[in-house]
Amino acid sequence: MGASKSEELEGVVREFLEAMGEGPLSHPSRLAIMLILVMRGRTTFSELQQILGLTPGNLGSHLEKLEREGYVEKFRCLRGLRYLTCYRSTRRGSLALGRVLRSASNLWEILSAAESAGRAAPKEAEGAVNRSWGSSTSYRRL
Amino acid sequence: MTEGLKNLKEIAKTLESVRRYLSYQRIMASSRLYAWWSVACLVGGAISLTIGELGLSPRAEGTSILLLWVTIGTLITRAYFSESSRIAELARTLLEEKTPSERVGLTQGLGWAVSFGLGCSAGWVAARAGLRGTGPLAVALCLALGLGNILTWASLKRYFERITPEPAVVGVSLLASLPLILSIKGEVIQYLALLLAISLTYAGASASLAFRARRVLLGGSK
């Protein structure tokens, strides 16, 4: 039983690290951008800026990175009487976002179960989380 | 709790919010479908009534009314299916849901075809049996829409764990309202009562679903 629990945890941690890797979604702003694009569909640059409260330069560089990775695509769309720059998530981007959210949720379930049972969080799991998201950046506004 | 763990907790909560948002979207799509049909029933009914008063030949009148309803039906059903497939695709990619949406769609389509077949046959039998005025139409529509809604509910119950009861309630209400509609005297009044019964039942279902969707979004029961 103990061995199978540890194997399960190893699997979940591996899944989490694979989903995060050095990938573009390891930054909270990029994760938030993907979440908005996946849920809303096409969104203009200024709408993203308004929702996230990022400066144009900052938002532009995050979008550029996501575009380079093939997670989002940029196109011209007609809004009112004007053509604007719009973005939408690609299938690759949506799948990557789903992987990150699911693996994070699985890992959190294991860690919170350990916490509520009064056990310390397994070190390998906590280490994986801190390596990926331990910086000062916060995800709380998601 | 370390910063990493706090962040992990937020992301895990995000997945739960996504799940709730998709449930909300699913229920709202059904609510919008009922709302559109509720409005279409009144508008289409009024146009049909006007066509009937134009003095066209029975053939031209029948064709115009049929074309009108086929157009309305196609527009509303297409909008609903495009919205439903978008939500199903999101659930597949983000939540790895494995609902066989094609099979669900096919079962529902089949259910509606059978209901309309039965409704039209019952209307024809009612006309042969001597029912006059709007009577045969009321029999056909109440049976078709009533059975169609009940079969939709039954097919959803087969594929999903939690489903909303509104389609079953709409179906039973329409079947139950048939004797009342048939008891009304006067062709135009009977026709208006039929339209009102369908429209109000659908509007009620739409409002109830919208209320349910809001509760899901705010974290209440599904």
# chains A, B, ... in the order shown; residues from 1 in each chain; ligands from 1

call {"tool": "residues_around", "arguments": {"residues": "Val43 (chain B)", "least_positions_apart": "5", "cutoff": "12 Å", "atoms": "only C-alpha atoms", "output": "ChimeraX atom specification"}}
result
/B:36-38,48-50,68-69,72,192,195-196,199

call {"tool": "interface_residues", "arguments": {"of": "chain B", "to": "chain A", "cutoff": "10 Å", "atoms": "only C-alpha atoms", "output": "compact mmCIF listing (two decimals) with N, CA and C atoms, in the first residue's frame"}}
result
# COMPACT_ATOMS: atom_id res chain seq x y z
N MET B 1 3.01 27.73 5.08
CA MET B 1 2.90 27.30 3.68
C MET B 1 3.84 28.13 2.80
N THR B 2 4.61 27.44 1.97
CA THR B 2 5.57 28.18 1.13
C THR B 2 4.81 28.90 0.00
N GLU B 3 5.53 29.84 -0.64
CA GLU B 3 4.91 30.61 -1.73
C GLU B 3 4.47 29.66 -2.85
N GLY B 4 5.32 28.66 -3.12
CA GLY B 4 5.01 27.68 -4.17
C GLY B 4 3.71 26.95 -3.89
N LEU B 5 3.53 26.53 -2.64
CA LEU B 5 2.31 25.80 -2.28
C LEU B 5 1.08 26.69 -2.36
N LYS B 6 1.27 27.97 -1.95
CA LYS B 6 0.13 28.91 -2.03
C LYS B 6 -0.30 29.05 -3.50
N ASN B 7 0.72 29.16 -4.38
CA ASN B 7 0.42 29.30 -5.81
C ASN B 7 -0.28 28.05 -6.34
N LEU B 8 0.22 26.88 -5.90
CA LEU B 8 -0.38 25.62 -6.34
C LEU B 8 -1.86 25.57 -5.93
N LYS B 9 -2.14 26.01 -4.71
CA LYS B 9 -3.52 26.00 -4.21
C LYS B 9 -4.42 26.88 -5.11
N GLU B 10 -3.86 28.05 -5.50
CA GLU B 10 -4.64 28.96 -6.36
C GLU B 10 -4.95 28.32 -7.70
N ILE B 11 -3.94 27.63 -8.27
CA ILE B 11 -4.15 27.00 -9.58
C ILE B 11 -5.18 25.88 -9.46
N ALA B 12 -5.10 25.11 -8.36
CA ALA B 12 -6.07 24.03 -8.16
C ALA B 12 -7.48 24.61 -8.05
N LYS B 13 -7.58 25.77 -7.38
CA LYS B 13 -8.90 26.42 -7.27
C LYS B 13 -9.38 26.90 -8.64
N THR B 14 -8.39 27.31 -9.48
CA THR B 14 -8.75 27.79 -10.82
C THR B 14 -9.43 26.68 -11.61
N LEU B 15 -8.91 25.44 -11.49
CA LEU B 15 -9.51 24.32 -12.23
C LEU B 15 -10.95 24.11 -11.77
N GLU B 16 -11.18 24.25 -10.48
CA GLU B 16 -12.54 24.10 -9.95
C GLU B 16 -13.44 25.19 -10.52
N SER B 17 -12.88 26.42 -10.62
CA SER B 17 -13.69 27.52 -11.19
C SER B 17 -14.00 27.24 -12.66
N VAL B 18 -13.01 26.69 -13.38
CA VAL B 18 -13.22 26.37 -14.80
C VAL B 18 -14.35 25.36 -14.92
N TYR B 21 -17.59 27.07 -14.28
CA TYR B 21 -17.92 27.98 -15.37
C TYR B 21 -18.47 27.20 -16.57
N LEU B 22 -17.87 26.03 -16.84
CA LEU B 22 -18.34 25.24 -17.97
C LEU B 22 -19.74 24.67 -17.70
N ARG B 86 -18.73 24.04 -28.76
CA ARG B 86 -17.62 24.83 -28.21
C ARG B 86 -17.39 24.46 -26.74
N ILE B 87 -18.48 24.32 -25.98
CA ILE B 87 -18.35 23.98 -24.56
C ILE B 87 -17.80 22.56 -24.40
N GLU B 89 -15.90 20.96 -26.45
CA GLU B 89 -14.47 20.97 -26.83
C GLU B 89 -13.63 21.50 -25.67
N LEU B 90 -14.12 22.57 -25.03
CA LEU B 90 -13.40 23.13 -23.86
C LEU B 90 -13.31 22.09 -22.74
N ALA B 91 -14.41 21.39 -22.48
CA ALA B 91 -14.42 20.38 -21.41
C ALA B 91 -13.47 19.25 -21.74
N ARG B 92 -13.39 18.91 -23.05
CA ARG B 92 -12.47 17.83 -23.45
C ARG B 92 -11.02 18.25 -23.24
N THR B 93 -10.66 19.48 -23.68
CA THR B 93 -9.25 19.88 -23.60
C THR B 93 -8.84 20.27 -22.18
N LEU B 94 -9.70 20.93 -21.45
CA LEU B 94 -9.29 21.40 -20.12
C LEU B 94 -9.54 20.37 -19.03
N LEU B 95 -10.64 19.65 -19.10
CA LEU B 95 -11.00 18.75 -17.99
C LEU B 95 -10.87 17.28 -18.37
N GLU B 96 -10.48 17.02 -19.61
CA GLU B 96 -10.38 15.64 -20.13
C GLU B 96 -11.70 14.90 -19.97

call {"tool": "residues_around", "arguments": {"residues": "region 115-119 of chain B", "least_positions_apart": "5", "cutoff": "12 Å", "atoms": "only C-alpha atoms", "output": "list in words"}}
result
Gln108, Gly109, Leu110, Trp124, Val125, Ala126, Pro136, Leu137, Ala138, Val139, Ala140, Leu141, Cys142, Leu143, Ala144, Leu145, Gly146, Leu147, Gly148, Asn149, Ile150, Leu151, Thr152, Gly171 and Leu175 of chain B

call {"tool": "write_last_selection", "arguments": {"atoms": "C-alpha atoms", "output": "JSON list (two decimals), in the first residue's frame"}}
result
[["chain", "number", "residue", "atom", "x", "y", "z"],
["B", 108, "GLN", "CA", -31.42, 13.48, -29.13],
["B", 109, "GLY", "CA", -31.92, 14.00, -32.87],
["B", 110, "LEU", "CA", -33.45, 10.56, -33.15],
["B", 124, "TRP", "CA", -53.52, 13.37, -38.86],
["B", 125, "VAL", "CA", -55.56, 10.80, -36.92],
["B", 126, "ALA", "CA", -57.22, 13.64, -34.97],
["B", 136, "PRO", "CA", -55.15, 18.65, -35.12],
["B", 137, "LEU", "CA", -52.29, 21.17, -35.02],
["B", 138, "ALA", "CA", -52.54, 21.38, -31.21],
["B", 139, "VAL", "CA", -52.51, 17.58, -30.92],
["B", 140, "ALA", "CA", -49.49, 17.33, -33.25],
["B", 141, "LEU", "CA", -47.47, 20.11, -31.60],
["B", 142, "CYS", "CA", -48.22, 19.29, -27.97],
["B", 143, "LEU", "CA", -47.42, 15.62, -28.54],
["B", 144, "ALA", "CA", -44.29, 16.30, -30.60],
["B", 145, "LEU", "CA", -42.86, 18.95, -28.26],
["B", 146, "GLY", "CA", -43.99, 17.14, -25.12],
["B", 147, "LEU", "CA", -42.52, 13.79, -26.11],
["B", 148, "GLY", "CA", -39.42, 15.45, -27.64],
["B", 149, "ASN", "CA", -38.61, 17.21, -24.37],
["B", 150, "ILE", "CA", -39.21, 14.08, -22.28],
["B", 151, "LEU", "CA", -37.01, 11.98, -24.61],
["B", 152, "THR", "CA", -34.30, 14.67, -24.51],
["B", 171, "GLY", "CA", -42.69, 17.91, -21.72],
["B", 175, "LEU", "CA", -48.88, 17.14, -22.70]]

call {"tool": "atom_distance", "arguments": {"atom1": "CA of Glu61 (chain B)", "atom2": "CA of Ala122 (chain B)"}}
result
22.1 Å

call {"tool": "residues_around", "arguments": {"residues": "region 59-71 of chain A", "least_positions_apart": "3", "cutoff": "9 Å", "atoms": "only C-alpha atoms", "output": "number ranges by chain"}}
result
A: 23-25, 29-30, 33-34, 45, 48-49, 52, 54-56, 74, 87-94, 96

call {"tool": "closest_residue", "arguments": {"among": "A:Ile36, A:Thr43, A:Gly57, A:Gln50", "to": "Leu78 (chain A)", "atoms": "only C-alpha atoms"}}
result
A:Thr43
